[in-house]
Amino acid sequence: MTNTVTTLPDAGAFVHPALFYRTLEEYVSGVGGFVRAALTADEPTFVAVPGAQLDALREWLGPQADGVDFADMTVLGRNPGRILAALQGFADRHPGRPARIVGEPIWASRSRAETLEATRHEALINTAFAGRAATILCPYDVTALPESVVADARRTHPTLIEDGRAEASPGYADPAVVCADCDEPLPEPVHALTHPYAAGQLAQLRQHAHDWLSGTSLDRARRGDLVLAISEATANSAAHGGGAGILRLWTTEQGAAVAEIRDNGHLRNPLAGRRRPALSSGNGGRGLWMIHQLCDLVEIRATDTGLTLRLHLAP
């Protein structure tokens, strides 16, 4: 790879390139070169990529790997909605220093729903980090991913790196436009248990959810996580969504439990729930942030007529 890949931007600039790779050698050379340049510049460095790539990078970096914060993206980013909080948290822990981050949120085995939310995440990075001194490099396996995913990478990254060359992306789009395109209609379940609710019925609703979950394949801890997520979502709904809503519950063919909350509310801030709220904050998206931490996937659809949250937990 040429030094166009490993050269770091000027301090104070936010840079968000996509690195298109075809082989593992190309991957470790491009990502490893970026990481090595960051370490040479004594910049705080965080790498969140799937486990196999993580192992290859550690081996390529050798002893230098000790200077890097690593995370397995298949764990950290199982729910794409919680990745941004981790990236911002890392940058926040190093105030006054440019953060250098590698994030690979999309891989070939991602479901369509997960890929859409990961694409939304990629678009929102540009909003969340605007004006910050940071670089977030995002690798994409162009041989394994569908062309539609690669095309979206061109829309969510202002800069593209391919064959050792960095160029401005002619397809880059406004994050709001990309997020709107991610709002594909949610598929309807074949069978769902439906519970309308109002503000004074939340304890009863939680009990309904608890009883229903006892018949699913989730273990006790996972059932508790989903009950808590439902509790947070319906409490927000009662407070900010018109005082009433509808809870639907069902399971998928793979055994995942799904809870959907619909109300007349609105989501005015697309970054809500994607940053860990300060302890001193009165609300500040605390409920939605907690939901993202508890669930394996959170799908949000905000329209002029209401808000839908679809929460997924796998066994």
# chains A, B, ... in the order shown; residues from 1 in each chain; ligands from 1
>>> residues_around(residues="His195 of chain A", least_positions_apart="6", cutoff="10 Å", atoms="only C-alpha atoms", output="list of chain:residue names")
A:Leu205, A:His208, A:Ala209, A:Gly245, A:Ile246, A:Leu247, A:Arg248, A:Leu249, A:Ile261
>>> closest_atom_pairs(of="segment 77-97 of chain A", to="segment 289-309 of chain A", cutoff="7 Å", atoms="only C-alpha atoms", output="CSV")
residue,atom,partner,partner_atom,distance
A:Arg78,CA,A:Asp296,CA,5.8
A:Asn79,CA,A:Leu297,CA,4.6
A:Gly81,CA,A:His292,CA,5.9
A:Arg82,CA,A:His292,CA,5.7
>>> closest_residue(among="A:Gly51, A:Pro44, A:Gly89, A:Gly200", to="Asp66 of chain A", atoms="only C-alpha atoms")
A:Pro44
>>> atom_distance(atom1="atom CA of Ala52 of chain A", atom2="atom CA of Glu104 of chain A")
11.9 Å
>>> residues_around(residues="Ala239 of chain A", least_positions_apart="3", cutoff="12 Å", atoms="only C-alpha atoms", output="NGL selection string")
:A and (198-200 or 202 or 232-236 or 242-245 or 263-266 or 283 or 287)
>>> write_last_selection(atoms="N, CA and C atoms", output="short mmCIF file (atom, residue, chain, number, x, y, z; two decimals), in the first residue's frame")
data_model
loop_
_atom_site.label_atom_id
_atom_site.label_comp_id
_atom_site.auth_asym_id
_atom_site.auth_seq_id
_atom_site.Cartn_x
_atom_site.Cartn_y
_atom_site.Cartn_z
N ALA A 198 -51.87 1.99 28.00
CA ALA A 198 -51.92 3.42 28.35
C ALA A 198 -50.98 3.64 29.53
N ALA A 199 -50.81 4.89 29.91
CA ALA A 199 -49.80 5.26 30.90
C ALA A 199 -49.96 4.51 32.22
N GLY A 200 -51.17 4.23 32.65
CA GLY A 200 -51.37 3.59 33.94
C GLY A 200 -51.30 2.08 33.91
N LEU A 202 -48.52 0.15 32.70
CA LEU A 202 -47.19 -0.33 32.34
C LEU A 202 -46.75 -1.53 33.17
N GLU A 232 -38.42 0.28 29.39
CA GLU A 232 -37.87 1.59 29.04
C GLU A 232 -38.62 2.18 27.84
N ALA A 233 -38.88 1.34 26.82
CA ALA A 233 -39.54 1.83 25.61
C ALA A 233 -40.97 2.28 25.89
N THR A 234 -41.71 1.50 26.66
CA THR A 234 -43.10 1.87 26.92
C THR A 234 -43.21 3.04 27.90
N ALA A 235 -42.26 3.16 28.83
CA ALA A 235 -42.25 4.32 29.71
C ALA A 235 -42.00 5.60 28.92
N ASN A 236 -41.04 5.54 27.98
CA ASN A 236 -40.81 6.69 27.10
C ASN A 236 -42.04 6.98 26.27
N GLY A 242 -47.64 10.38 23.43
CA GLY A 242 -49.09 10.55 23.42
C GLY A 242 -49.80 9.82 24.53
N GLY A 243 -49.04 9.15 25.43
CA GLY A 243 -49.65 8.52 26.59
C GLY A 243 -50.21 7.13 26.36
N ALA A 244 -50.10 6.62 25.15
CA ALA A 244 -50.63 5.29 24.85
C ALA A 244 -49.87 4.71 23.68
N GLY A 245 -50.00 3.39 23.50
CA GLY A 245 -49.32 2.75 22.38
C GLY A 245 -49.76 1.31 22.24
N ASP A 263 -46.28 4.03 18.83
CA ASP A 263 -47.03 5.10 19.48
C ASP A 263 -47.09 6.30 18.55
N ASN A 264 -47.58 7.41 19.07
CA ASN A 264 -47.71 8.63 18.27
C ASN A 264 -46.55 9.59 18.48
N GLY A 265 -45.44 9.10 18.98
CA GLY A 265 -44.31 9.96 19.28
C GLY A 265 -43.47 10.30 18.06
N HIS A 266 -42.42 11.06 18.31
CA HIS A 266 -41.52 11.50 17.25
C HIS A 266 -40.08 11.36 17.73
N ASN A 283 -32.71 13.47 31.18
CA ASN A 283 -33.19 12.36 30.35
C ASN A 283 -32.13 12.09 29.30
N GLY A 287 -33.12 6.30 28.13
CA GLY A 287 -33.90 5.10 27.88
C GLY A 287 -33.53 4.42 26.58
#
>>> select_by_dssp(residues="segment 67-219 of chain A", states="alpha helix (DSSP H)", output="mmCIF file with N, CA, C and O atoms, in the first residue's frame")
data_model
loop_
_atom_site.group_PDB
_atom_site.id
_atom_site.type_symbol
_atom_site.label_atom_id
_atom_site.label_comp_id
_atom_site.auth_asym_id
_atom_site.auth_seq_id
_atom_site.Cartn_x
_atom_site.Cartn_y
_atom_site.Cartn_z
ATOM 1 N N MET A 73 -15.692 -6.710 16.838
ATOM 2 C CA MET A 73 -16.889 -5.999 16.395
ATOM 3 C C MET A 73 -18.124 -6.893 16.372
ATOM 4 O O MET A 73 -19.249 -6.403 16.505
ATOM 5 N N THR A 74 -17.950 -8.207 16.227
ATOM 6 C CA THR A 74 -19.115 -9.085 16.240
ATOM 7 C C THR A 74 -19.772 -9.125 17.616
ATOM 8 O O THR A 74 -20.929 -9.516 17.740
ATOM 9 N N VAL A 75 -19.027 -8.734 18.648
ATOM 10 C CA VAL A 75 -19.574 -8.629 20.005
ATOM 11 C C VAL A 75 -19.998 -7.188 20.279
ATOM 12 O O VAL A 75 -21.150 -6.918 20.616
ATOM 13 N N LEU A 76 -19.059 -6.256 20.147
ATOM 14 C CA LEU A 76 -19.351 -4.846 20.394
ATOM 15 C C LEU A 76 -20.489 -4.355 19.510
ATOM 16 O O LEU A 76 -21.403 -3.664 19.977
ATOM 17 N N ILE A 83 -22.612 0.931 18.408
ATOM 18 C CA ILE A 83 -21.214 1.135 18.015
ATOM 19 C C ILE A 83 -20.796 2.590 18.213
ATOM 20 O O ILE A 83 -19.707 2.877 18.722
ATOM 21 N N LEU A 84 -21.652 3.502 17.811
ATOM 22 C CA LEU A 84 -21.270 4.920 17.836
ATOM 23 C C LEU A 84 -20.938 5.386 19.245
ATOM 24 O O LEU A 84 -20.003 6.165 19.446
ATOM 25 N N ALA A 85 -21.679 4.908 20.238
ATOM 26 C CA ALA A 85 -21.386 5.284 21.623
ATOM 27 C C ALA A 85 -19.988 4.828 22.020
ATOM 28 O O ALA A 85 -19.272 5.536 22.734
ATOM 29 N N ALA A 86 -19.576 3.640 21.548
ATOM 30 C CA ALA A 86 -18.236 3.135 21.876
ATOM 31 C C ALA A 86 -17.160 3.979 21.212
ATOM 32 O O ALA A 86 -16.130 4.290 21.829
ATOM 33 N N LEU A 87 -17.380 4.362 19.960
ATOM 34 C CA LEU A 87 -16.390 5.182 19.256
ATOM 35 C C LEU A 87 -16.272 6.569 19.893
ATOM 36 O O LEU A 87 -15.162 7.076 20.095
ATOM 37 N N GLN A 88 -17.423 7.166 20.206
ATOM 38 C CA GLN A 88 -17.383 8.481 20.843
ATOM 39 C C GLN A 88 -16.782 8.393 22.244
ATOM 40 O O GLN A 88 -16.047 9.294 22.668
ATOM 41 N N GLY A 89 -17.085 7.311 22.946
ATOM 42 C CA GLY A 89 -16.524 7.143 24.284
ATOM 43 C C GLY A 89 -15.009 7.061 24.251
ATOM 44 O O GLY A 89 -14.322 7.634 25.103
ATOM 45 N N PHE A 90 -14.470 6.341 23.255
ATOM 46 C CA PHE A 90 -13.008 6.254 23.128
ATOM 47 C C PHE A 90 -12.416 7.634 22.862
ATOM 48 O O PHE A 90 -11.430 8.024 23.500
ATOM 49 N N ALA A 91 -13.009 8.381 21.927
ATOM 50 C CA ALA A 91 -12.504 9.724 21.630
ATOM 51 C C ALA A 91 -12.601 10.631 22.851
ATOM 52 O O ALA A 91 -11.693 11.428 23.131
ATOM 53 N N ASP A 92 -13.699 10.504 23.615
ATOM 54 C CA ASP A 92 -13.896 11.344 24.792
ATOM 55 C C ASP A 92 -12.848 11.070 25.873
ATOM 56 O O ASP A 92 -12.513 11.964 26.659
ATOM 57 N N ARG A 112 -30.046 -8.610 6.465
ATOM 58 C CA ARG A 112 -30.430 -7.376 5.783
ATOM 59 C C ARG A 112 -30.780 -6.282 6.794
ATOM 60 O O ARG A 112 -30.360 -5.132 6.642
ATOM 61 N N ALA A 113 -31.533 -6.646 7.837
ATOM 62 C CA ALA A 113 -31.920 -5.652 8.839
ATOM 63 C C ALA A 113 -30.702 -5.092 9.561
ATOM 64 O O ALA A 113 -30.593 -3.880 9.792
ATOM 65 N N GLU A 114 -29.754 -5.971 9.928
ATOM 66 C CA GLU A 114 -28.533 -5.511 10.589
ATOM 67 C C GLU A 114 -27.705 -4.622 9.679
ATOM 68 O O GLU A 114 -27.148 -3.606 10.123
ATOM 69 N N THR A 115 -27.624 -4.988 8.409
ATOM 70 C CA THR A 115 -26.837 -4.200 7.453
ATOM 71 C C THR A 115 -27.425 -2.810 7.270
ATOM 72 O O THR A 115 -26.694 -1.816 7.185
ATOM 73 N N LEU A 116 -28.743 -2.712 7.225
ATOM 74 C CA LEU A 116 -29.376 -1.399 7.113
ATOM 75 C C LEU A 116 -29.031 -0.528 8.317
ATOM 76 O O LEU A 116 -28.712 0.658 8.167
ATOM 77 N N GLU A 117 -29.090 -1.112 9.521
ATOM 78 C CA GLU A 117 -28.779 -0.323 10.713
ATOM 79 C C GLU A 117 -27.296 0.015 10.790
ATOM 80 O O GLU A 117 -26.923 1.087 11.281
ATOM 81 N N ALA A 118 -26.432 -0.871 10.294
ATOM 82 C CA ALA A 118 -25.005 -0.562 10.248
ATOM 83 C C ALA A 118 -24.717 0.536 9.232
ATOM 84 O O ALA A 118 -23.834 1.383 9.445
ATOM 85 N N THR A 119 -25.449 0.545 8.128
ATOM 86 C CA THR A 119 -25.312 1.625 7.145
ATOM 87 C C THR A 119 -25.780 2.945 7.744
ATOM 88 O O THR A 119 -25.147 3.997 7.538
ATOM 89 N N ARG A 120 -26.866 2.892 8.499
ATOM 90 C CA ARG A 120 -27.336 4.099 9.187
ATOM 91 C C ARG A 120 -26.253 4.608 10.134
ATOM 92 O O ARG A 120 -25.975 5.816 10.200
ATOM 93 N N HIS A 121 -25.645 3.683 10.866
ATOM 94 C CA HIS A 121 -24.542 4.045 11.760
ATOM 95 C C HIS A 121 -23.413 4.744 11.003
ATOM 96 O O HIS A 121 -22.885 5.771 11.444
ATOM 97 N N GLU A 122 -23.034 4.199 9.852
ATOM 98 C CA GLU A 122 -21.948 4.783 9.055
ATOM 99 C C GLU A 122 -22.300 6.211 8.635
ATOM 100 O O GLU A 122 -21.429 7.092 8.618
ATOM 101 N N ALA A 123 -23.548 6.436 8.270
ATOM 102 C CA ALA A 123 -23.957 7.793 7.892
ATOM 103 C C ALA A 123 -23.905 8.736 9.089
ATOM 104 O O ALA A 123 -23.429 9.877 8.987
ATOM 105 N N LEU A 124 -24.382 8.262 10.245
ATOM 106 C CA LEU A 124 -24.453 9.122 11.426
ATOM 107 C C LEU A 124 -23.084 9.448 12.007
ATOM 108 O O LEU A 124 -22.939 10.442 12.729
ATOM 109 N N ILE A 125 -22.069 8.625 11.710
ATOM 110 C CA ILE A 125 -20.704 8.965 12.127
ATOM 111 C C ILE A 125 -20.342 10.364 11.647
ATOM 112 O O ILE A 125 -19.716 11.158 12.370
ATOM 113 N N ASN A 126 -20.727 10.685 10.416
ATOM 114 C CA ASN A 126 -20.357 11.976 9.833
ATOM 115 C C ASN A 126 -21.001 13.145 10.573
ATOM 116 O O ASN A 126 -20.425 14.228 10.639
ATOM 117 N N THR A 127 -22.174 12.906 11.135
ATOM 118 C CA THR A 127 -22.847 13.940 11.935
ATOM 119 C C THR A 127 -22.254 14.013 13.330
ATOM 120 O O THR A 127 -21.942 15.094 13.845
ATOM 121 N N ALA A 128 -22.074 12.843 13.962
ATOM 122 C CA ALA A 128 -21.625 12.805 15.353
ATOM 123 C C ALA A 128 -20.207 13.325 15.529
ATOM 124 O O ALA A 128 -19.882 13.936 16.549
ATOM 125 N N GLU A 147 -22.972 -5.894 -3.881
ATOM 126 C CA GLU A 147 -22.634 -4.621 -4.521
ATOM 127 C C GLU A 147 -23.438 -3.475 -3.929
ATOM 128 O O GLU A 147 -22.948 -2.353 -3.835
ATOM 129 N N SER A 148 -24.677 -3.750 -3.494
ATOM 130 C CA SER A 148 -25.495 -2.688 -2.902
ATOM 131 C C SER A 148 -24.871 -2.153 -1.617
ATOM 132 O O SER A 148 -24.962 -0.951 -1.317
ATOM 133 N N VAL A 149 -24.210 -3.028 -0.857
ATOM 134 C CA VAL A 149 -23.553 -2.595 0.381
ATOM 135 C C VAL A 149 -22.330 -1.747 0.057
ATOM 136 O O VAL A 149 -22.079 -0.714 0.700
ATOM 137 N N VAL A 150 -21.565 -2.171 -0.945
ATOM 138 C CA VAL A 150 -20.400 -1.384 -1.371
ATOM 139 C C VAL A 150 -20.845 -0.027 -1.907
ATOM 140 O O VAL A 150 -20.207 1.005 -1.638
ATOM 141 N N ALA A 151 -21.955 -0.016 -2.643
ATOM 142 C CA ALA A 151 -22.480 1.254 -3.156
ATOM 143 C C ALA A 151 -22.873 2.176 -2.012
ATOM 144 O O ALA A 151 -22.632 3.397 -2.064
ATOM 145 N N ASP A 152 -23.469 1.618 -0.954
ATOM 146 C CA ASP A 152 -23.819 2.444 0.203
ATOM 147 C C ASP A 152 -22.569 2.961 0.913
ATOM 148 O O ASP A 152 -22.576 4.071 1.464
ATOM 149 N N ALA A 153 -21.495 2.166 0.912
ATOM 150 C CA ALA A 153 -20.246 2.638 1.516
ATOM 151 C C ALA A 153 -19.733 3.878 0.790
ATOM 152 O O ALA A 153 -19.149 4.776 1.406
ATOM 153 N N ARG A 154 -19.944 3.928 -0.499
ATOM 154 C CA ARG A 154 -19.549 5.111 -1.262
ATOM 155 C C ARG A 154 -20.391 6.325 -0.886
ATOM 156 O O ARG A 154 -19.940 7.468 -1.020
ATOM 157 N N ARG A 155 -21.602 6.077 -0.418
ATOM 158 C CA ARG A 155 -22.502 7.174 -0.021
ATOM 159 C C ARG A 155 -22.247 7.650 1.400
ATOM 160 O O ARG A 155 -22.546 8.803 1.733
ATOM 161 N N THR A 156 -21.712 6.779 2.257
ATOM 162 C CA THR A 156 -21.535 7.137 3.662
ATOM 163 C C THR A 156 -20.127 7.585 4.016
ATOM 164 O O THR A 156 -19.892 8.044 5.135
ATOM 165 N N PRO A 175 -26.014 12.642 5.293
ATOM 166 C CA PRO A 175 -26.422 11.579 6.212
ATOM 167 C C PRO A 175 -27.934 11.434 6.365
ATOM 168 O O PRO A 175 -28.441 10.315 6.500
ATOM 169 N N ALA A 176 -28.661 12.541 6.349
ATOM 170 C CA ALA A 176 -30.118 12.463 6.490
ATOM 171 C C ALA A 176 -30.750 11.716 5.334
ATOM 172 O O ALA A 176 -31.732 10.977 5.507
ATOM 173 N N VAL A 177 -30.196 11.885 4.137
ATOM 174 C CA VAL A 177 -30.722 11.183 2.959
ATOM 175 C C VAL A 177 -30.461 9.689 3.083
ATOM 176 O O VAL A 177 -31.342 8.860 2.821
ATOM 177 N N VAL A 178 -29.261 9.320 3.499
ATOM 178 C CA VAL A 178 -28.928 7.905 3.650
ATOM 179 C C VAL A 178 -29.804 7.267 4.725
ATOM 180 O O VAL A 178 -30.337 6.157 4.543
ATOM 181 N N CYS A 179 -29.982 7.951 5.839
ATOM 182 C CA CYS A 179 -30.812 7.404 6.919
ATOM 183 C C CYS A 179 -32.247 7.193 6.452
ATOM 184 O O CYS A 179 -32.883 6.183 6.795
ATOM 185 N N ALA A 180 -32.769 8.131 5.682
ATOM 186 C CA ALA A 180 -34.129 7.974 5.148
ATOM 187 C C ALA A 180 -34.212 6.758 4.233
ATOM 188 O O ALA A 180 -35.201 6.015 4.253
ATOM 189 N N ASP A 181 -33.175 6.516 3.458
ATOM 190 C CA ASP A 181 -33.162 5.355 2.561
ATOM 191 C C ASP A 181 -33.061 4.039 3.335
ATOM 192 O O ASP A 181 -33.433 2.980 2.808
ATOM 193 N N LEU A 202 -48.519 0.149 32.700
ATOM 194 C CA LEU A 202 -47.185 -0.331 32.341
ATOM 195 C C LEU A 202 -46.751 -1.527 33.175
ATOM 196 O O LEU A 202 -46.090 -2.431 32.663
ATOM 197 N N ALA A 203 -47.119 -1.568 34.468
ATOM 198 C CA ALA A 203 -46.751 -2.716 35.293
ATOM 199 C C ALA A 203 -47.435 -3.978 34.772
ATOM 200 O O ALA A 203 -46.814 -5.052 34.689
ATOM 201 N N GLN A 204 -48.694 -3.866 34.417
ATOM 202 C CA GLN A 204 -49.419 -5.007 33.854
ATOM 203 C C GLN A 204 -48.803 -5.434 32.526
ATOM 204 O O GLN A 204 -48.685 -6.636 32.235
ATOM 205 N N LEU A 205 -48.369 -4.456 31.739
ATOM 206 C CA LEU A 205 -47.755 -4.758 30.440
ATOM 207 C C LEU A 205 -46.447 -5.519 30.629
ATOM 208 O O LEU A 205 -46.163 -6.481 29.901
ATOM 209 N N ARG A 206 -45.656 -5.101 31.594
ATOM 210 C CA ARG A 206 -44.397 -5.801 31.870
ATOM 211 C C ARG A 206 -44.664 -7.249 32.275
ATOM 212 O O ARG A 206 -43.926 -8.158 31.890
ATOM 213 N N GLN A 207 -45.721 -7.458 33.057
ATOM 214 C CA GLN A 207 -46.056 -8.815 33.465
ATOM 215 C C GLN A 207 -46.477 -9.658 32.264
ATOM 216 O O GLN A 207 -46.095 -10.834 32.154
ATOM 217 N N HIS A 208 -47.252 -9.068 31.350
ATOM 218 C CA HIS A 208 -47.631 -9.778 30.126
ATOM 219 C C HIS A 208 -46.377 -10.194 29.353
ATOM 220 O O HIS A 208 -46.288 -11.341 28.874
ATOM 221 N N ALA A 209 -45.429 -9.259 29.223
ATOM 222 C CA ALA A 209 -44.204 -9.561 28.488
ATOM 223 C C ALA A 209 -43.401 -10.656 29.191
ATOM 224 O O ALA A 209 -42.880 -11.579 28.550
ATOM 225 N N HIS A 210 -43.306 -10.565 30.501
ATOM 226 C CA HIS A 210 -42.573 -11.570 31.284
ATOM 227 C C HIS A 210 -43.186 -12.952 31.101
ATOM 228 O O HIS A 210 -42.480 -13.944 30.870
ATOM 229 N N ASP A 211 -44.515 -13.042 31.192
ATOM 230 C CA ASP A 211 -45.193 -14.327 31.062
ATOM 231 C C ASP A 211 -45.001 -14.902 29.655
ATOM 232 O O ASP A 211 -44.778 -16.107 29.488
ATOM 233 N N TRP A 212 -45.094 -14.034 28.641
ATOM 234 C CA TRP A 212 -44.940 -14.514 27.261
ATOM 235 C C TRP A 212 -43.518 -15.016 27.017
ATOM 236 O O TRP A 212 -43.310 -16.059 26.400
ATOM 237 N N LEU A 213 -42.537 -14.302 27.528
ATOM 238 C CA LEU A 213 -41.144 -14.669 27.300
ATOM 239 C C LEU A 213 -40.779 -15.993 27.951
ATOM 240 O O LEU A 213 -39.844 -16.671 27.504
#
